Structures are given as structure tokens and as C-alpha cells.
$ cat data25.txt   # compact mmCIF, C-alpha atoms
# COMPACT_ATOMS: atom_id res chain seq x y z
CA MET A 1 -6.08 -27.50 -8.86
CA THR A 2 -7.28 -25.21 -6.08
CA THR A 3 -4.68 -24.61 -3.40
CA GLN A 4 -5.70 -25.47 0.12
CA THR A 5 -5.25 -22.24 2.07
CA THR A 6 -3.93 -21.88 5.57
CA GLU A 7 -5.41 -18.42 6.12
CA THR A 8 -7.73 -18.17 9.08
CA THR A 9 -9.88 -15.56 10.75
CA ALA A 10 -9.27 -17.01 14.16
CA THR A 11 -5.51 -16.99 14.45
CA THR A 12 -4.81 -16.57 18.13
CA GLY A 13 -3.75 -13.03 18.88
CA GLN A 14 -3.50 -11.98 15.23
CA LEU A 15 -4.74 -8.48 14.49
CA THR A 16 -5.80 -9.14 10.92
CA GLU A 17 -7.03 -5.55 10.55
CA LEU A 18 -3.54 -4.08 11.08
CA GLY A 19 -0.63 -4.04 8.67
CA PHE A 20 2.77 -2.45 8.24
CA TYR A 21 5.13 -1.66 5.38
CA THR A 22 8.28 -3.73 5.54
CA LEU A 23 11.46 -1.86 4.53
CA ALA A 24 9.47 1.37 4.76
CA GLY A 25 10.93 4.11 2.62
CA HIS A 26 14.44 3.75 1.25
CA SER A 27 16.44 0.67 2.18
CA GLY A 28 19.82 -0.61 1.11
CA SER A 29 19.48 -3.71 3.28
CA PRO A 30 16.69 -5.88 1.87
CA ARG A 31 17.54 -8.72 4.26
CA ASP A 32 16.11 -6.56 7.06
CA LEU A 33 12.74 -7.73 5.75
CA VAL A 34 13.37 -11.21 7.19
CA GLY A 35 13.60 -9.99 10.76
CA GLU A 36 10.79 -7.48 10.33
CA VAL A 37 8.30 -10.03 9.01
CA ARG A 38 9.17 -12.56 11.71
CA GLN A 39 8.81 -9.95 14.43
CA ALA A 40 5.58 -8.59 12.95
CA GLU A 41 4.10 -12.07 13.00
CA GLU A 42 5.16 -12.58 16.61
CA LEU A 43 3.65 -9.19 17.48
CA GLY A 44 0.38 -10.27 15.89
CA LEU A 45 0.24 -7.86 12.98
CA GLY A 46 -2.09 -9.07 10.27
CA ALA A 47 -0.35 -8.09 7.06
CA ALA A 48 3.02 -7.12 5.63
CA PHE A 49 2.89 -4.75 2.65
CA ILE A 50 5.78 -4.60 0.21
CA SER A 51 6.54 -1.54 -1.87
CA GLU A 52 8.84 -1.55 -4.88
CA ARG A 53 11.74 0.72 -5.80
CA PHE A 54 13.97 0.23 -8.80
CA SER A 55 17.11 -0.20 -6.71
CA THR A 56 17.15 -2.91 -4.02
CA LYS A 57 13.41 -3.46 -3.53
CA ASP A 58 12.16 -5.93 -6.12
CA ALA A 59 8.59 -6.82 -5.17
CA ALA A 60 8.72 -10.43 -6.36
CA THR A 61 11.94 -11.25 -4.53
CA LEU A 62 10.83 -9.59 -1.30
CA SER A 63 7.40 -11.26 -1.42
CA GLY A 64 9.02 -14.66 -1.73
CA ALA A 65 11.28 -13.96 1.22
CA ALA A 66 8.35 -12.79 3.33
CA GLY A 67 6.36 -15.88 2.45
CA ALA A 68 9.21 -18.22 3.21
CA VAL A 69 9.83 -16.94 6.75
CA SER A 70 6.21 -16.60 7.87
CA ASP A 71 3.23 -18.83 8.64
CA THR A 72 0.19 -16.64 9.37
CA ILE A 73 0.77 -13.04 8.32
CA GLY A 74 -0.85 -11.80 5.10
CA ILE A 75 1.44 -10.49 2.37
CA ALA A 76 0.71 -7.99 -0.39
CA THR A 77 2.64 -6.00 -2.93
CA ALA A 78 1.60 -2.36 -2.54
CA ALA A 79 2.51 -1.82 -5.09
CA THR A 80 4.16 -3.12 -8.22
CA ASN A 81 3.35 -2.04 -11.77
CA HIS A 82 1.86 -4.24 -14.45
CA ASN A 83 3.86 -2.57 -17.25
CA THR A 84 7.30 -3.52 -15.92
CA ARG A 85 6.69 -7.28 -16.35
CA HIS A 86 5.01 -9.32 -19.04
CA PRO A 87 1.55 -10.40 -17.79
CA ILE A 88 2.53 -14.07 -17.87
CA VAL A 89 5.44 -13.26 -15.55
CA THR A 90 3.17 -11.33 -13.18
CA ALA A 91 0.61 -14.13 -13.26
CA THR A 92 3.31 -16.68 -12.48
CA MET A 93 4.71 -14.63 -9.61
CA ALA A 94 1.26 -14.30 -8.05
CA THR A 95 0.38 -17.98 -8.49
CA THR A 96 3.71 -19.00 -6.99
CA MET A 97 3.18 -16.71 -4.00
CA HIS A 98 -0.40 -17.92 -3.58
CA ARG A 99 0.73 -21.53 -3.28
CA LEU A 100 3.90 -20.73 -1.35
CA THR A 101 1.88 -18.97 1.34
CA GLY A 102 -1.17 -21.21 1.38
CA GLY A 103 -3.41 -18.38 0.18
CA ARG A 104 -2.04 -15.48 2.23
CA PHE A 105 -0.90 -13.39 -0.78
CA ALA A 106 -2.63 -10.50 -2.54
CA LEU A 107 -1.22 -8.97 -5.72
CA GLY A 108 -1.17 -5.20 -5.39
CA LEU A 109 -0.84 -2.99 -8.46
CA GLY A 110 -0.37 0.75 -8.83
CA ARG A 111 -0.36 3.60 -11.33
CA GLY A 112 3.23 4.68 -10.65
CA PHE A 113 4.71 7.91 -11.97
CA ASP A 114 4.17 9.03 -15.56
CA GLY A 115 7.43 10.97 -15.71
CA LEU A 116 9.52 8.02 -14.58
CA PHE A 117 7.87 5.63 -17.02
CA LYS A 118 8.44 8.03 -19.89
CA ALA A 119 12.09 8.33 -18.91
CA LEU A 120 12.36 4.52 -18.88
CA GLY A 121 10.73 4.25 -22.30
CA LEU A 122 7.46 2.85 -20.93
CA ALA A 123 4.00 4.20 -21.61
CA PRO A 124 2.21 5.76 -18.62
CA ILE A 125 -0.32 3.49 -16.93
CA THR A 126 -4.02 4.13 -17.50
CA GLY A 127 -7.07 2.87 -15.67
CA ALA A 128 -8.13 1.01 -18.80
CA GLN A 129 -4.82 -0.86 -18.83
CA ILE A 130 -5.24 -1.91 -15.21
CA GLU A 131 -8.81 -3.09 -15.79
CA ASP A 132 -7.67 -5.05 -18.84
CA VAL A 133 -4.68 -6.72 -17.15
CA VAL A 134 -6.76 -7.62 -14.08
CA ALA A 135 -9.22 -9.44 -16.31
CA LEU A 136 -6.36 -11.24 -18.07
CA LEU A 137 -4.78 -12.38 -14.81
CA ARG A 138 -8.05 -13.73 -13.49
CA ARG A 139 -8.62 -15.70 -16.69
CA LEU A 140 -5.14 -17.20 -16.48
CA TRP A 141 -5.64 -18.17 -12.84
CA LYS A 142 -8.78 -20.04 -13.84
CA GLY A 143 -6.88 -22.14 -16.36
CA GLU A 144 -8.03 -20.32 -19.47
CA MET A 145 -5.99 -20.04 -22.64
CA VAL A 146 -6.01 -16.45 -23.96
CA LEU A 147 -5.54 -16.21 -27.71
CA GLY A 148 -5.18 -13.10 -29.84
CA HIS A 149 -5.74 -10.59 -27.06
CA ASP A 150 -5.64 -6.97 -28.25
CA GLY A 151 -6.63 -4.53 -25.54
CA PRO A 152 -5.43 -1.54 -23.48
CA ALA A 153 -2.84 -3.71 -21.67
CA GLY A 154 -1.26 -4.78 -24.96
CA LYS A 155 -1.31 -7.33 -27.74
CA PHE A 156 -0.71 -10.90 -26.65
CA PRO A 157 -1.09 -13.68 -29.23
CA TYR A 158 -0.93 -16.42 -26.60
CA LEU A 159 -1.19 -16.46 -22.80
CA HIS A 160 -1.59 -19.62 -20.75
CA GLN A 161 -0.40 -21.10 -17.47
CA ASP A 162 -2.08 -24.43 -16.70
CA ARG A 163 -5.49 -25.72 -17.74
CA ASP A 164 -5.98 -27.27 -14.30
CA PHE A 165 -5.57 -23.95 -12.48
CA ASP A 166 -8.49 -22.74 -10.38
CA GLU A 167 -6.77 -20.12 -8.25
CA ASP A 168 -8.54 -17.41 -6.27
CA ILE A 169 -5.94 -14.67 -5.82
CA PRO A 170 -7.11 -11.23 -4.64
CA ILE A 171 -5.91 -8.17 -6.54
CA LEU A 172 -5.67 -4.79 -4.86
CA ILE A 173 -4.62 -1.37 -6.03
CA ALA A 174 -2.76 1.51 -4.39
CA ALA A 175 -4.85 4.57 -5.17
CA LEU A 176 -4.68 8.31 -4.66
CA GLY A 177 -7.05 9.91 -7.18
CA THR A 178 -10.81 9.61 -7.52
CA ARG A 179 -10.81 7.78 -10.85
CA THR A 180 -8.48 5.06 -9.56
CA LEU A 181 -10.62 4.67 -6.43
CA GLU A 182 -13.73 4.27 -8.57
CA LEU A 183 -11.83 1.71 -10.67
CA ALA A 184 -11.11 -0.21 -7.47
CA GLY A 185 -14.79 -0.28 -6.68
CA ARG A 186 -15.61 -1.63 -10.12
CA CYS A 187 -13.17 -4.49 -10.44
CA LEU A 188 -10.62 -4.86 -7.62
CA ASP A 189 -10.76 -6.83 -4.38
CA ALA A 190 -9.10 -4.22 -2.18
CA VAL A 191 -7.60 -0.76 -2.23
CA VAL A 192 -4.72 0.83 -0.32
CA LEU A 193 -5.09 4.55 0.27
CA HIS A 194 -2.22 6.99 0.72
CA THR A 195 -0.33 8.28 3.72
CA PHE A 196 -1.29 11.72 5.07
CA TYR A 197 -4.97 11.48 4.12
CA SER A 198 -7.21 13.69 6.23
CA ASP A 199 -10.35 12.17 7.73
CA ALA A 200 -12.38 13.98 5.07
CA ALA A 201 -10.15 12.55 2.33
CA VAL A 202 -10.59 9.01 3.69
CA THR A 203 -14.37 9.52 3.76
CA GLU A 204 -14.37 10.78 0.18
CA ALA A 205 -12.16 7.88 -0.90
CA LEU A 206 -14.66 5.42 0.55
CA ALA A 207 -17.44 7.23 -1.29
CA ALA A 208 -15.50 6.99 -4.56
CA VAL A 209 -14.98 3.25 -4.10
CA ALA A 210 -18.69 2.89 -3.37
CA ARG A 211 -19.62 4.83 -6.52
CA GLY A 212 -17.44 2.56 -8.62
CA ALA A 213 -18.91 -0.57 -7.05
CA LYS A 214 -22.50 0.54 -7.44
CA SER A 215 -21.91 1.49 -11.09
CA VAL A 216 -21.53 -2.22 -11.88
CA GLY A 217 -24.12 -3.50 -9.41
CA ARG A 218 -21.56 -4.51 -6.83
CA ASP A 219 -21.83 -4.23 -3.05
CA PRO A 220 -19.18 -1.73 -1.86
CA ALA A 221 -18.67 -3.87 1.23
CA GLU A 222 -17.02 -6.46 -1.03
CA VAL A 223 -14.00 -4.15 -1.42
CA ARG A 224 -11.52 -4.08 1.44
CA VAL A 225 -10.17 -0.57 2.04
CA TRP A 226 -6.87 -0.05 3.83
CA SER A 227 -6.10 3.34 5.33
CA VAL A 228 -2.40 4.19 5.50
CA LEU A 229 -1.54 6.07 8.66
CA ALA A 230 1.98 7.29 9.40
CA THR A 231 2.46 5.99 12.95
CA VAL A 232 5.38 7.58 14.75
CA SER A 233 5.27 7.46 18.54
CA ASP A 234 7.37 9.61 20.82
CA GLU A 235 9.37 6.52 21.80
CA ILE A 236 11.21 6.98 18.51
CA PRO A 237 14.18 9.41 18.72
CA GLU A 238 13.30 12.93 17.64
CA ASP A 239 15.57 12.98 14.60
CA ARG A 240 13.91 9.80 13.34
CA ARG A 241 10.47 11.23 14.04
CA LEU A 242 11.29 14.23 11.86
CA LEU A 243 12.44 11.94 9.07
CA LYS A 244 9.30 9.79 9.23
CA THR A 245 6.86 12.72 9.37
CA ILE A 246 8.26 15.95 7.91
CA GLY A 247 10.73 14.17 5.64
CA ARG A 248 8.16 11.71 4.32
CA LEU A 249 5.44 14.30 3.67
CA ALA A 250 7.93 16.70 2.06
CA SER A 251 9.03 13.89 -0.26
CA TYR A 252 5.43 13.30 -1.31
CA LEU A 253 4.97 17.01 -1.92
CA GLN A 254 8.06 16.86 -4.14
CA GLY A 255 6.61 14.09 -6.26
CA TYR A 256 2.88 14.77 -6.50
CA GLY A 257 2.07 17.67 -4.24
CA ASP A 258 -0.74 19.01 -6.43
CA LEU A 259 -2.67 15.77 -6.13
CA MET A 260 -2.18 15.57 -2.36
CA VAL A 261 -3.32 19.15 -1.92
CA ARG A 262 -6.39 18.52 -4.07
CA VAL A 263 -7.32 15.27 -2.32
CA ASN A 264 -7.00 16.82 1.15
CA ASP A 265 -8.45 20.22 0.20
CA TRP A 266 -5.30 21.89 1.49
CA ASP A 267 -4.31 25.44 0.60
CA PRO A 268 -2.42 25.34 -2.74
CA ALA A 269 -0.67 28.61 -1.84
CA VAL A 270 1.18 26.73 0.93
CA LEU A 271 2.42 24.21 -1.63
CA GLU A 272 3.59 27.02 -3.90
CA ARG A 273 5.57 28.60 -1.04
CA PHE A 274 7.07 25.19 -0.25
CA ARG A 275 8.18 24.74 -3.85
CA ALA A 276 9.52 28.27 -4.08
CA ASP A 277 11.81 27.81 -1.07
CA THR A 278 15.46 28.04 -2.11
CA PHE A 279 16.46 24.92 -0.19
CA VAL A 280 13.57 22.87 -1.58
CA ARG A 281 14.29 23.98 -5.15
CA GLY A 282 17.95 23.05 -4.90
CA PHE A 283 17.66 19.76 -3.00
CA LYS A 284 18.74 16.64 -4.88
CA GLY A 285 17.04 13.37 -3.98
CA ALA A 286 14.22 12.48 -1.60
CA PHE A 287 14.02 14.38 1.68
CA ASP A 288 13.19 11.24 3.67
CA ALA A 289 16.38 9.60 2.42
CA LYS A 290 18.93 12.41 2.19
CA ALA A 291 17.95 15.35 4.42
CA THR A 292 19.87 16.08 7.63
CA THR A 293 18.13 16.84 10.90
CA ALA A 294 18.81 20.57 10.44
CA GLU A 295 17.36 20.45 6.95
CA LEU A 296 14.28 18.61 8.21
CA GLU A 297 13.84 21.27 10.89
CA HIS A 298 13.84 23.87 8.12
CA LEU A 299 11.24 21.89 6.15
CA ALA A 300 9.08 21.81 9.28
CA THR A 301 8.77 25.60 9.06
CA LEU A 302 7.25 25.23 5.57
CA ILE A 303 4.64 22.55 6.31
CA PRO A 304 1.54 23.43 8.36
CA ALA A 305 0.94 21.51 11.57
CA GLU A 306 -2.52 20.47 10.36
CA TRP A 307 -0.95 18.68 7.40
CA ILE A 308 1.26 16.63 9.73
CA ALA A 309 -1.75 16.04 12.01
CA THR A 310 -3.00 13.52 9.44
CA SER A 311 -0.55 11.06 11.05
CA ALA A 312 -0.54 9.22 14.40
CA THR A 313 1.93 10.85 16.77
CA GLY A 314 2.44 11.27 20.51
CA SER A 315 2.49 8.55 23.13
CA PRO A 316 1.91 4.91 22.15
CA TRP A 317 -1.62 5.19 23.57
CA GLN A 318 -2.32 8.32 21.51
CA CYS A 319 -1.05 6.56 18.39
CA ALA A 320 -3.20 3.50 19.13
CA ASP A 321 -6.23 5.71 19.62
CA ALA A 322 -5.59 7.39 16.26
CA VAL A 323 -5.37 3.96 14.61
CA ALA A 324 -8.64 2.81 16.20
CA ARG A 325 -10.41 6.02 15.10
CA GLN A 326 -9.63 5.20 11.47
CA PHE A 327 -12.13 2.36 11.69
CA ASP A 328 -14.83 4.84 12.71
CA LEU A 329 -14.43 6.32 9.22
CA GLY A 330 -15.39 2.99 7.63
CA VAL A 331 -12.11 1.44 6.50
CA THR A 332 -11.49 -2.28 6.93
CA GLY A 333 -7.76 -2.14 7.59
CA VAL A 334 -5.07 0.25 8.80
CA ILE A 335 -1.46 0.11 7.64
CA MET A 336 0.79 1.71 10.25
CA HIS A 337 3.30 3.27 7.92
CA GLY A 338 6.85 4.44 8.45
CA ALA A 339 7.70 2.33 11.48
CA THR A 340 9.29 -1.05 12.02
CA PRO A 341 7.62 -3.75 14.16
CA THR A 342 10.08 -2.87 16.95
CA GLU A 343 8.94 0.75 16.83
CA LEU A 344 5.28 -0.35 16.78
CA THR A 345 5.41 -2.76 19.72
CA SER A 346 4.10 -0.35 22.36
CA VAL A 347 1.46 1.01 19.99
CA VAL A 348 0.17 -2.48 19.23
CA ASP A 349 0.10 -3.35 22.93
CA ALA A 350 -1.97 -0.22 23.60
CA TYR A 351 -4.25 -0.93 20.65
CA ARG A 352 -5.18 -4.39 21.94
CA GLY A 353 -6.89 -2.72 24.89
CA ILE A 354 -9.16 -0.61 22.65
CA ARG A 355 -9.51 -2.90 19.63
CA PRO A 356 -12.89 -2.30 17.93
CA PRO A 357 -15.07 -5.45 18.00
CA ALA A 358 -16.32 -4.91 14.44
CA VAL A 359 -12.93 -5.62 12.85
CA ARG A 360 -11.97 -8.79 14.71
CA ASP A 361 -13.02 -11.38 12.15
CA LEU A 362 -11.25 -10.19 9.00
CA PRO A 363 -9.24 -12.73 6.98
CA ALA A 364 -5.47 -12.89 7.12
CA ASN A 365 -5.23 -12.25 3.37
CA PRO A 366 -5.14 -8.44 3.01
CA GLY A 367 -7.12 -8.62 -0.23
CA ARG A 368 -10.18 -10.25 1.29
CA VAL A 369 -13.06 -9.04 3.44
CA ALA A 370 -14.55 -12.50 4.03
$ encode --input "data25.txt" --output "C-alpha cells"
Amino acid sequence: MTTQTTETTATTGQLTELGFYTLAGHSGSPRDLVGEVRQAEELGLGAAFISERFSTKDAATLSGAAGAVSDTIGIATAATNHNTRHPIVTATMATTMHRLTGGRFALGLGRGFDGLFKALGLAPITGAQIEDVVALLRRLWKGEMVLGHDGPAGKFPYLHQDRDFDEDIPILIAALGTRTLELAGRCLDAVVLHTFYSDAAVTEALAAVARGAKSVGRDPAEVRVWSVLATVSDEIPEDRRLLKTIGRLASYLQGYGDLMVRVNDWDPAVLERFRADTFVRGFKGAFDAKATTAELEHLATLIPAEWIATSATGSPWQCADAVARQFDLGVTGVIMHGATPTELTSVVDAYRGIRPPAVRDLPANPGRVA
């Protein structure tokens, strides 16, 4: 049967174009999500995005918790990986969330890290695999029985949920590179960009999504595009601001700096100097989880100010203005990353006064544009 949804475009006071990441970064206290989601809903944020780490951040568990303690806010995984669960398990998780939330859930997938998957004994994720598994999930949600499937996502003799299913569950993807963005345009409902994207990188990302959509005769406007903007106002203590800006960007440069430099057209020589630094070379763990304030201050000497300027900083009004300007680039959602709803309260209040009219009628489900 088709689930009756409770999502609405006219929820009083709900800013359906704005989202946040719950449990942003590293968290050993997953129950914090409960308070964050409740407060975000009270604040009027439109969507809660849930990332996954193989420690205390299981996407399925956290999604269920978010759905259980909320009534209006959209919920999306951003992201989980299709290769860490059997497709029937992923399909079941998404269907359960869809019905639990009355249609507020979007399943978000991602490419992950090749090195980590190899270490875990899993094959790296390819675009062909994602395209294949997306097609499988959609068939299952429409009640189809899949027999003898042999494709990029794997060999599956039998896949089936319920013949009476007729579920419409959006699927989004977290994307950094051009090929994944074009994939999103071809076959996904929405895409989540990456933190610390320059304006030019956001513009190029939108162009890549459009190219992918047009290659299959699809209207690019059918794909919802979420910009991810680190939003760290000066109301946050300075040591925390360093962690959420310098620490976060340095961690990304640790993991996939070459791709970030290429996407943003940054100077690769700066990245080489960063990597060659004695402290950086010898540091164990992620900077945004383990670095002290003094260590973050040292990292700040290695990262150009213009790289950090791809975030929203300053007063709450300045942060709100930076958020609003993202919509001028053409995105249909902004995730204010790296801050809790408490830390975003003043920014959201300021944003309400300058909210662009064009984004006021977006659905609560973060995977939909209409």
C-alpha cells in the first residue's frame, strides 16, 4: 500500500530549505541526537542529516531515533554506504523509516573511502554499483520480485519485500567529484555537496548535475541540491570555533585533500606544504577530534584564510547572510554544518528576517523538490 504522508510545504514556521547535521563530527554520545532533533524542530529547521561512522554512529539506529522523537522535520542519511548492508536490509530500513515518519525520510548513499573499504575486505564503491542498487531499491519499493539479478551491485538470486508495496522514497547521494554529481543528475532525487566548497565549486557542481540530468532527458530542476556550509558564529567559544573550522578542514585535507584542492581550484603547493609539516605528518587520528587548541592554532598557520572563507563565520547576522547567499548560486537547500541547534539559534533568527522568497515552498522531505 502507499503510505499516507504527513510532510507538508506549509508547516508553520518551518524553514524547509535549511538543515543541520545531528551529532556533527565525532560523537561518543549518540543519545545527544534526541535533544538535537527535538530542538531543531522547535527552532524550525527543515531537515536533520545523519552521517555514519563505524563506531557509535549507526545510520539506521540514529534515523529511527530521529523519526521517533519528531513530527515535522525531514530526515536523511548523508550518508550510508550500500556495500555495508545487503540490499534487502537497506530496502527494509528505508521502507520502515518511510512509514515511521509518514514520508519524511530520504535514503542518502555515498561513495565512502576506497582505502577503508579495502582494509575491511570490501570492494570500493563505483558509480555503476550505485546506479544499479538504486534501480534495485526502487523496484523493491514498488512491490516487484527481483529474480536472478547479476549486475554491478552484485549477484542476487532473489529479492522481494511485499507485492503490495507502492512506496515513493527519495534517494540522495553525498557527492564531491564531477562523475558522482553527474550520476546524481541521471538517476538520483537529490544531492548533498561537501563542506568548504567555494562559490565557484558550488556553481560547477550544479552544472555537473545539470549535465547528468540532460544526458537522460531529465529536467535538472527535478534534482534537489543541498549546499553544505560550515556555520560557526562568533557566539561559539574561540576554541570550539577553531575545532569546527580549522580542525574540520584540516581533517578533510588529511583524508582527501587532492580532491578538495582540485574541486576548489586551490593551489596544490599549499596542500603539499601542509602535508610536509612535521606535526601534520606525525599526528594520529582526526584533527577535529583529537587536536588541542594550541595544535589547532598551529594548523591555522598552514591553511590560507581564503580556504576557511568558504564557511559562514562572524556575527549571527553575517552567518545568516552567508547562508542566504548560497541560494543565489542556485542550490535548493543549505545544511548548516558543524553546529548544534543551540549554536544555530541566533543565526536562524537572523535568517528569518532575510529569508529568500523563492525557497519558501520546498517540501519537508529533504529528497524532494516538489
$ closest_residue --input "data25.txt" --among "A:Val348, A:Ala128, A:Ala300, A:Ala48" --to "Gly247 of chain A" --atoms "only C-alpha atoms"
A:Ala300
$ closest_atom_pairs --input "data25.txt" --of "segment 90-110 of chain A" --to "segment 140-143 of chain A" --cutoff "12 Å" --atoms "only C-alpha atoms" --output "Markdown table"
| residue | atom | partner | partner_atom | distance |
| --- | --- | --- | --- | --- |
| A:Thr90 | CA | A:Leu140 | CA | 10.7 |
| A:Ala91 | CA | A:Leu140 | CA | 7.3 |
| A:Thr92 | CA | A:Trp141 | CA | 9.1 |
| A:Met93 | CA | A:Trp141 | CA | 11.4 |
| A:Ala94 | CA | A:Trp141 | CA | 9.2 |
| A:Thr95 | CA | A:Trp141 | CA | 7.4 |
| A:Thr96 | CA | A:Trp141 | CA | 11.1 |
| A:His98 | CA | A:Trp141 | CA | 10.6 |
| A:Arg99 | CA | A:Trp141 | CA | 12.0 |
$ closest_residue --input "data25.txt" --among "A:Asp132, A:Thr278, A:Phe327, A:Thr345" --to "Gly151 of chain A" --atoms "only C-alpha atoms"
A:Asp132
$ atom_distance --input "data25.txt" --atom1 "atom CA of Val191 of chain A" --atom2 "atom CA of Asp32 of chain A"
26.1 Å
$ atom_distance --input "data25.txt" --atom1 "atom CA of Asn264 of chain A" --atom2 "atom CA of Tyr197 of chain A"
6.4 Å
$ closest_residue --input "data25.txt" --among "A:Asp71, A:Asp321, A:Glu182, A:Glu295" --to "Phe283 of chain A" --atoms "only C-alpha atoms"
A:Glu295
$ closest_residue --input "data25.txt" --among "A:Pro363, A:Pro316, A:Gly257, A:Gly333" --to "Leu18 of chain A" --atoms "all atoms listed in the file"
A:Gly333
$ residues_around --input "data25.txt" --residues "segment 81-86 of chain A" --least-positions-apart "4" --cutoff "8 Å" --atoms "only C-alpha atoms" --output "list in words"
Thr90, Leu109, Gly110, Arg111, Gly112, Leu122, Ile125, Ile130 and Val133 of chain A
$ closest_residue --input "data25.txt" --among "A:Phe20, A:Phe54, A:Trp307, A:Trp317" --to "Asp199 of chain A" --atoms "all atoms listed in the file"
A:Trp307
$ closest_residue --input "data25.txt" --among "A:Val261, A:Leu242, A:Cys319, A:Leu229" --to "Glu297 of chain A" --atoms "only C-alpha atoms"
A:Leu242
$ residues_around --input "data25.txt" --residues "segment 72-75 of chain A" --least-positions-apart "4" --cutoff "9 Å" --atoms "only C-alpha atoms" --output "JSON, numbers by chain"
{"A": [6, 7, 8, 11, 14, 16, 19, 37, 40, 41, 44, 45, 46, 47, 48, 49, 50, 63, 66, 67, 101, 103, 104, 105, 106, 107, 363, 364, 365, 366, 367]}
$ atom_distance --input "data25.txt" --atom1 "atom CA of Val263 of chain A" --atom2 "atom CA of Val331 of chain A"
17.1 Å
$ closest_atom_pairs --input "data25.txt" --of "segment 289-364 of chain A" --to "segment 192-196 of chain A" --cutoff "10 Å" --atoms "all atoms listed in the file" --output "Markdown table"
| residue | atom | partner | partner_atom | distance |
| --- | --- | --- | --- | --- |
| A:Trp307 | CA | A:Phe196 | CA | 7.3 |
| A:Ile308 | CA | A:Phe196 | CA | 7.2 |
| A:Ala309 | CA | A:Phe196 | CA | 8.2 |
| A:Thr310 | CA | A:Phe196 | CA | 5.0 |
| A:Ser311 | CA | A:Phe196 | CA | 6.1 |
| A:Ala312 | CA | A:Phe196 | CA | 9.7 |
| A:Val331 | CA | A:Leu193 | CA | 9.9 |
| A:Gly333 | CA | A:Val192 | CA | 9.0 |
| A:Val334 | CA | A:Val192 | CA | 9.1 |
| A:Ile335 | CA | A:Val192 | CA | 8.6 |
| A:Met336 | CA | A:Thr195 | CA | 9.3 |
| A:His337 | CA | A:Thr195 | CA | 7.5 |
| A:Gly338 | CA | A:Thr195 | CA | 9.4 |
